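Here's the structure we're looking at; comments come further down.
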Amino acid sequence: MDIKENIDNILEKIKVAAEKSGRKSEDIILIAVSKTVDWEKAKEAVEAGVNNLGENRVQEITNKYEQFDNLNLNSNVNWHMIGHLQKNKVKYIIDKVNLIHSVENLELANEINKRAAQHNLISNVLIELNIGEEESKFGISDENVIEFVKSLEQFEHIKVLGLMTVAPYAENPEDVRWVFKKMKEIYNNISNINLRNTEMKYLSMGMTNDFEIAIEEGSNIVRIGTAIFGARDYTKKGY
Ligand SMILES: *Cc1c(COP(=O)(O)O)cnc(C)c1O
């Protein structure tokens, strides 16, 4: 398992997929998803040139953030909260993360706004959509997204920078291409609405199994764990 080699492989694939959609590899942000992985390995990814780390648990962000802080590494790293975020935990990460990908209800947005105000900052967020309509998944439906993004306009300390989704798992990623197409369509629709605190800039979609298809359909943030760090060990403490 060579993290640097894995990253170089992925960057090459990102380049090919980006070119297929008329873009350059620099237009695509690679997030190394370091959930369940030790901070030393996350550090290796950063040393291999990845400046964006994604976590889906608050505790893992704060733990790794602290380790990185001790080594003065946080100036090189953007932390991304990509998982379901509980309201009562917003306060632990509000001043540490650069982008929260998983805003999907008004109560959460309200809490993020409140905590951001306390730190005198503007919190960058994405709205999480559930396009595959899986019951077990988080995210709002495409019918409700316009109304939802409008309802976020009241928050002075939130900036909406785009959309995020987790596509349903498919053996053949071609089977979920339609999800990415749909996301891009919604993204374009929202771009055409004039909202004080919304600027459609990021489309966060694509994981190990489907990132090339996602990029072909317009993704500019991919979140990749397994292909960088190997299969996750969920039997470890805390999982
Ligand atoms: C775990 C996770 C990923 C990375 O998944 P891989 O298939 O390991 O690349 C991406 N996005 C979210 C929201 C995740 O929870």
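Just so we're on the same page: first chain in the structure tokens is A, next is B, and so on; residues restart at 1 for each chain, and ligands are numbered from 1 in the order they show up.
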| Selection as a VMD selection string: residues within 10 Å of ligand 1 by only C-alpha atoms and all ligand atoms | chain A and resid 31 to 36 54 to 57 81 to 84 101 to 102 128 138 164 to 167 169 204 to 211 222 to 232
| Within 12 Å of Leu73 in chain A using only C-alpha atoms, minus same-chain residues under 2 positions, as a list in words |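 Selected residues are Trp39, Glu40, Ala42, Lys43, Glu44, Val46, Glu47, Asn51, Asn52, Lys64, Tyr65, Glu66, Gln67, Phe68, Asp69, Asn70, Leu71, Ser75, Asn76, Val77, Asn78 and Trp79 of chain A.
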| query | By how many Å are CA of Asp27 in chain A and CA of Asn197 in chain A apart? | reply |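 Result for CA of Asp27 in chain A versus CA of Asn197 in chain A: 22.8 Å, one decimal.
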Where does range 75-163 of chain A meet range 182-194 of chain A within 12 Å, residue by residue, with the nearest atom pair and distance in Å to one decimal for each, counting only C-alpha atoms, listed by chain and rising number, as a Markdown table?
```
| residue | atom | partner | partner_atom | distance |
| --- | --- | --- | --- | --- |
| A:Leu126 | CA | A:Tyr187 | CA | 11.1 |
| A:Ile127 | CA | A:Tyr187 | CA | 10.4 |
| A:Glu128 | CA | A:Met183 | CA | 10.4 |
| A:Leu129 | CA | A:Met183 | CA | 8.3 |
| A:Asn130 | CA | A:Met183 | CA | 9.7 |
| A:Ile131 | CA | A:Met183 | CA | 7.7 |
| A:Gly132 | CA | A:Lys182 | CA | 10.2 |
| A:Ser141 | CA | A:Met183 | CA | 10.9 |
| A:Asp142 | CA | A:Ile186 | CA | 7.6 |
| A:Glu143 | CA | A:Ile186 | CA | 9.8 |
| A:Asn144 | CA | A:Ile186 | CA | 11.0 |
| A:Val145 | CA | A:Ile186 | CA | 8.4 |
| A:Ile146 | CA | A:Ile190 | CA | 7.0 |
| A:Glu147 | CA | A:Ile190 | CA | 10.4 |
| A:Phe148 | CA | A:Ile190 | CA | 10.9 |
| A:Val149 | CA | A:Ile190 | CA | 8.3 |
| A:Lys150 | CA | A:Ile193 | CA | 9.1 |
| A:Glu153 | CA | A:Asn194 | CA | 10.3 |
| A:Val160 | CA | A:Ile190 | CA | 10.8 |
| A:Leu161 | CA | A:Ser191 | CA | 10.2 |
| A:Gly162 | CA | A:Tyr187 | CA | 7.2 |
| A:Leu163 | CA | A:Tyr187 | CA | 6.9 |
```
Grab the residues selected above and save them as a PDB file, in the first residue's frame with N, CA, C and O atoms.
```pdb
ATOM      1  N   LEU A 126     -22.136  23.195   1.548  1.00  0.00           N
ATOM      2  CA  LEU A 126     -22.809  22.615   0.387  1.00  0.00           C
ATOM      3  C   LEU A 126     -24.123  22.019   0.868  1.00  0.00           C
ATOM      4  O   LEU A 126     -24.249  21.638   2.039  1.00  0.00           O
ATOM      5  N   ILE A 127     -25.065  21.931  -0.020  1.00  0.00           N
ATOM      6  CA  ILE A 127     -26.327  21.275   0.304  1.00  0.00           C
ATOM      7  C   ILE A 127     -26.252  19.824  -0.157  1.00  0.00           C
ATOM      8  O   ILE A 127     -25.879  19.544  -1.304  1.00  0.00           O
ATOM      9  N   GLU A 128     -26.578  18.923   0.754  1.00  0.00           N
ATOM     10  CA  GLU A 128     -26.543  17.502   0.402  1.00  0.00           C
ATOM     11  C   GLU A 128     -27.875  17.057  -0.176  1.00  0.00           C
ATOM     12  O   GLU A 128     -28.931  17.254   0.411  1.00  0.00           O
ATOM     13  N   LEU A 129     -27.798  16.465  -1.344  1.00  0.00           N
ATOM     14  CA  LEU A 129     -28.998  15.949  -2.001  1.00  0.00           C
ATOM     15  C   LEU A 129     -29.019  14.429  -1.980  1.00  0.00           C
ATOM     16  O   LEU A 129     -27.979  13.779  -2.052  1.00  0.00           O
ATOM     17  N   ASN A 130     -30.213  13.908  -1.921  1.00  0.00           N
ATOM     18  CA  ASN A 130     -30.409  12.466  -2.036  1.00  0.00           C
ATOM     19  C   ASN A 130     -31.156  12.208  -3.339  1.00  0.00           C
ATOM     20  O   ASN A 130     -32.373  12.304  -3.404  1.00  0.00           O
ATOM     21  N   ILE A 131     -30.390  11.907  -4.383  1.00  0.00           N
ATOM     22  CA  ILE A 131     -30.975  11.756  -5.718  1.00  0.00           C
ATOM     23  C   ILE A 131     -31.450  10.323  -5.947  1.00  0.00           C
ATOM     24  O   ILE A 131     -32.479  10.080  -6.544  1.00  0.00           O
ATOM     25  N   GLY A 132     -30.677   9.388  -5.445  1.00  0.00           N
ATOM     26  CA  GLY A 132     -31.056   7.983  -5.613  1.00  0.00           C
ATOM     27  C   GLY A 132     -32.281   7.606  -4.792  1.00  0.00           C
ATOM     28  O   GLY A 132     -32.824   6.526  -4.946  1.00  0.00           O
ATOM     29  N   SER A 141     -34.433  15.999  -1.078  1.00  0.00           N
ATOM     30  CA  SER A 141     -34.816  15.529  -2.413  1.00  0.00           C
ATOM     31  C   SER A 141     -34.719  16.667  -3.420  1.00  0.00           C
ATOM     32  O   SER A 141     -34.723  17.834  -3.052  1.00  0.00           O
ATOM     33  N   ASP A 142     -34.639  16.304  -4.688  1.00  0.00           N
ATOM     34  CA  ASP A 142     -34.493  17.340  -5.717  1.00  0.00           C
ATOM     35  C   ASP A 142     -35.716  18.253  -5.799  1.00  0.00           C
ATOM     36  O   ASP A 142     -35.584  19.425  -6.127  1.00  0.00           O
ATOM     37  N   GLU A 143     -36.889  17.744  -5.437  1.00  0.00           N
ATOM     38  CA  GLU A 143     -38.079  18.618  -5.479  1.00  0.00           C
ATOM     39  C   GLU A 143     -37.993  19.743  -4.449  1.00  0.00           C
ATOM     40  O   GLU A 143     -38.580  20.799  -4.630  1.00  0.00           O
ATOM     41  N   ASN A 144     -37.302  19.488  -3.352  1.00  0.00           N
ATOM     42  CA  ASN A 144     -37.285  20.464  -2.263  1.00  0.00           C
ATOM     43  C   ASN A 144     -36.075  21.391  -2.257  1.00  0.00           C
ATOM     44  O   ASN A 144     -36.009  22.307  -1.444  1.00  0.00           O
ATOM     45  N   VAL A 145     -35.136  21.151  -3.166  1.00  0.00           N
ATOM     46  CA  VAL A 145     -33.853  21.839  -3.016  1.00  0.00           C
ATOM     47  C   VAL A 145     -33.939  23.352  -3.275  1.00  0.00           C
ATOM     48  O   VAL A 145     -33.298  24.142  -2.581  1.00  0.00           O
ATOM     49  N   ILE A 146     -34.743  23.758  -4.233  1.00  0.00           N
ATOM     50  CA  ILE A 146     -34.841  25.200  -4.558  1.00  0.00           C
ATOM     51  C   ILE A 146     -35.418  25.958  -3.364  1.00  0.00           C
ATOM     52  O   ILE A 146     -34.879  26.984  -2.938  1.00  0.00           O
ATOM     53  N   GLU A 147     -36.483  25.408  -2.834  1.00  0.00           N
ATOM     54  CA  GLU A 147     -37.111  26.019  -1.665  1.00  0.00           C
ATOM     55  C   GLU A 147     -36.116  26.078  -0.499  1.00  0.00           C
ATOM     56  O   GLU A 147     -36.025  27.073   0.223  1.00  0.00           O
ATOM     57  N   PHE A 148     -35.345  25.013  -0.348  1.00  0.00           N
ATOM     58  CA  PHE A 148     -34.387  24.944   0.756  1.00  0.00           C
ATOM     59  C   PHE A 148     -33.277  25.981   0.600  1.00  0.00           C
ATOM     60  O   PHE A 148     -32.949  26.703   1.544  1.00  0.00           O
ATOM     61  N   VAL A 149     -32.730  26.072  -0.587  1.00  0.00           N
ATOM     62  CA  VAL A 149     -31.620  27.024  -0.778  1.00  0.00           C
ATOM     63  C   VAL A 149     -32.115  28.456  -0.564  1.00  0.00           C
ATOM     64  O   VAL A 149     -31.409  29.301  -0.001  1.00  0.00           O
ATOM     65  N   LYS A 150     -33.345  28.718  -0.943  1.00  0.00           N
ATOM     66  CA  LYS A 150     -33.926  30.050  -0.700  1.00  0.00           C
ATOM     67  C   LYS A 150     -34.080  30.310   0.792  1.00  0.00           C
ATOM     68  O   LYS A 150     -33.855  31.421   1.270  1.00  0.00           O
ATOM     69  N   GLU A 153     -31.179  31.866   2.724  1.00  0.00           N
ATOM     70  CA  GLU A 153     -30.781  33.255   2.460  1.00  0.00           C
ATOM     71  C   GLU A 153     -30.829  34.117   3.718  1.00  0.00           C
ATOM     72  O   GLU A 153     -30.138  35.127   3.832  1.00  0.00           O
ATOM     73  N   VAL A 160     -23.477  29.541   0.761  1.00  0.00           N
ATOM     74  CA  VAL A 160     -23.751  28.283   0.057  1.00  0.00           C
ATOM     75  C   VAL A 160     -22.915  28.242  -1.223  1.00  0.00           C
ATOM     76  O   VAL A 160     -23.080  29.092  -2.099  1.00  0.00           O
ATOM     77  N   LEU A 161     -22.029  27.262  -1.306  1.00  0.00           N
ATOM     78  CA  LEU A 161     -21.097  27.226  -2.441  1.00  0.00           C
ATOM     79  C   LEU A 161     -21.380  26.094  -3.417  1.00  0.00           C
ATOM     80  O   LEU A 161     -20.623  25.895  -4.364  1.00  0.00           O
ATOM     81  N   GLY A 162     -22.464  25.342  -3.181  1.00  0.00           N
ATOM     82  CA  GLY A 162     -22.749  24.287  -4.141  1.00  0.00           C
ATOM     83  C   GLY A 162     -23.511  23.124  -3.560  1.00  0.00           C
ATOM     84  O   GLY A 162     -24.183  23.247  -2.531  1.00  0.00           O
ATOM     85  N   LEU A 163     -23.358  21.989  -4.223  1.00  0.00           N
ATOM     86  CA  LEU A 163     -24.147  20.801  -3.897  1.00  0.00           C
ATOM     87  C   LEU A 163     -23.262  19.571  -3.730  1.00  0.00           C
ATOM     88  O   LEU A 163     -22.174  19.490  -4.302  1.00  0.00           O
TER      89      LEU A 163
END
```
| message | Please list as an MDAnalysis selection string every residue within 12 Å of Glu26 in chain A, counting only C-alpha atoms and excluding residues in the same chain fewer than 6 positions away. | response | chainID A and resid 11:12 14:19 220:221
Store the residues picked out above, limited to C-alpha atoms, as a PDB file, in the first residue's frame.
```pdb
ATOM      1  CA  LEU A  11      -4.605  12.187 -10.328  1.00  0.00           C
ATOM      2  CA  GLU A  12      -3.902  10.655 -13.713  1.00  0.00           C
ATOM      3  CA  ILE A  14      -8.842  12.665 -12.828  1.00  0.00           C
ATOM      4  CA  LYS A  15      -6.884  14.315 -15.616  1.00  0.00           C
ATOM      5  CA  VAL A  16      -8.325  11.979 -18.268  1.00  0.00           C
ATOM      6  CA  ALA A  17     -11.888  12.375 -16.994  1.00  0.00           C
ATOM      7  CA  ALA A  18     -11.521  16.153 -16.719  1.00  0.00           C
ATOM      8  CA  GLU A  19     -10.310  16.392 -20.288  1.00  0.00           C
ATOM      9  CA  ASN A 220     -15.326  19.432  -9.469  1.00  0.00           C
ATOM     10  CA  ILE A 221     -14.815  17.898  -6.029  1.00  0.00           C
TER      11      ILE A 221
END
```
| message | With distances taken over only C-alpha atoms, which residue among A:Glu107, A:Glu199, A:Glu156, A:Glu135 lies nearest Ser123 in chain A? | response |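 Checking each candidate against Ser123 in chain A, we get A:Glu156 as the closest.
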| request: Would you mind writing down, as a PyMOL selection string, each residue of range 20-185 of chain A that DSSP on the backbone assigns to strand (DSSP E)? | output: chain A and resi 29-33+52-55+78-81+99-103+123-129+158-165
| query | If you run DSSP on this backbone, which residues of range 62-230 of chain A come out as alpha helix (DSSP H), and could you give them as number ranges by chain? | reply | A: 62-70, 90-93, 106-118, 145-151, 177-191, 211-216, 226-229
| Residue neighbourhood Leu106 in chain A, 10 Å, only C-alpha atoms, exclusion window fewer than 2 positions, as a ChimeraX atom specification | /A:103-104,108-112,148-149,151-152
| Distance of CA of Asn98 in chain A from CA of Arg115 in chain A, expressed in Å to one decimal place | 14.2 Å
| field | Interatomic distance (Å, one decimal) between CA of Glu5 in chain A and CA of Leu30 in chain A | value |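 It comes out at 14.7 Å.
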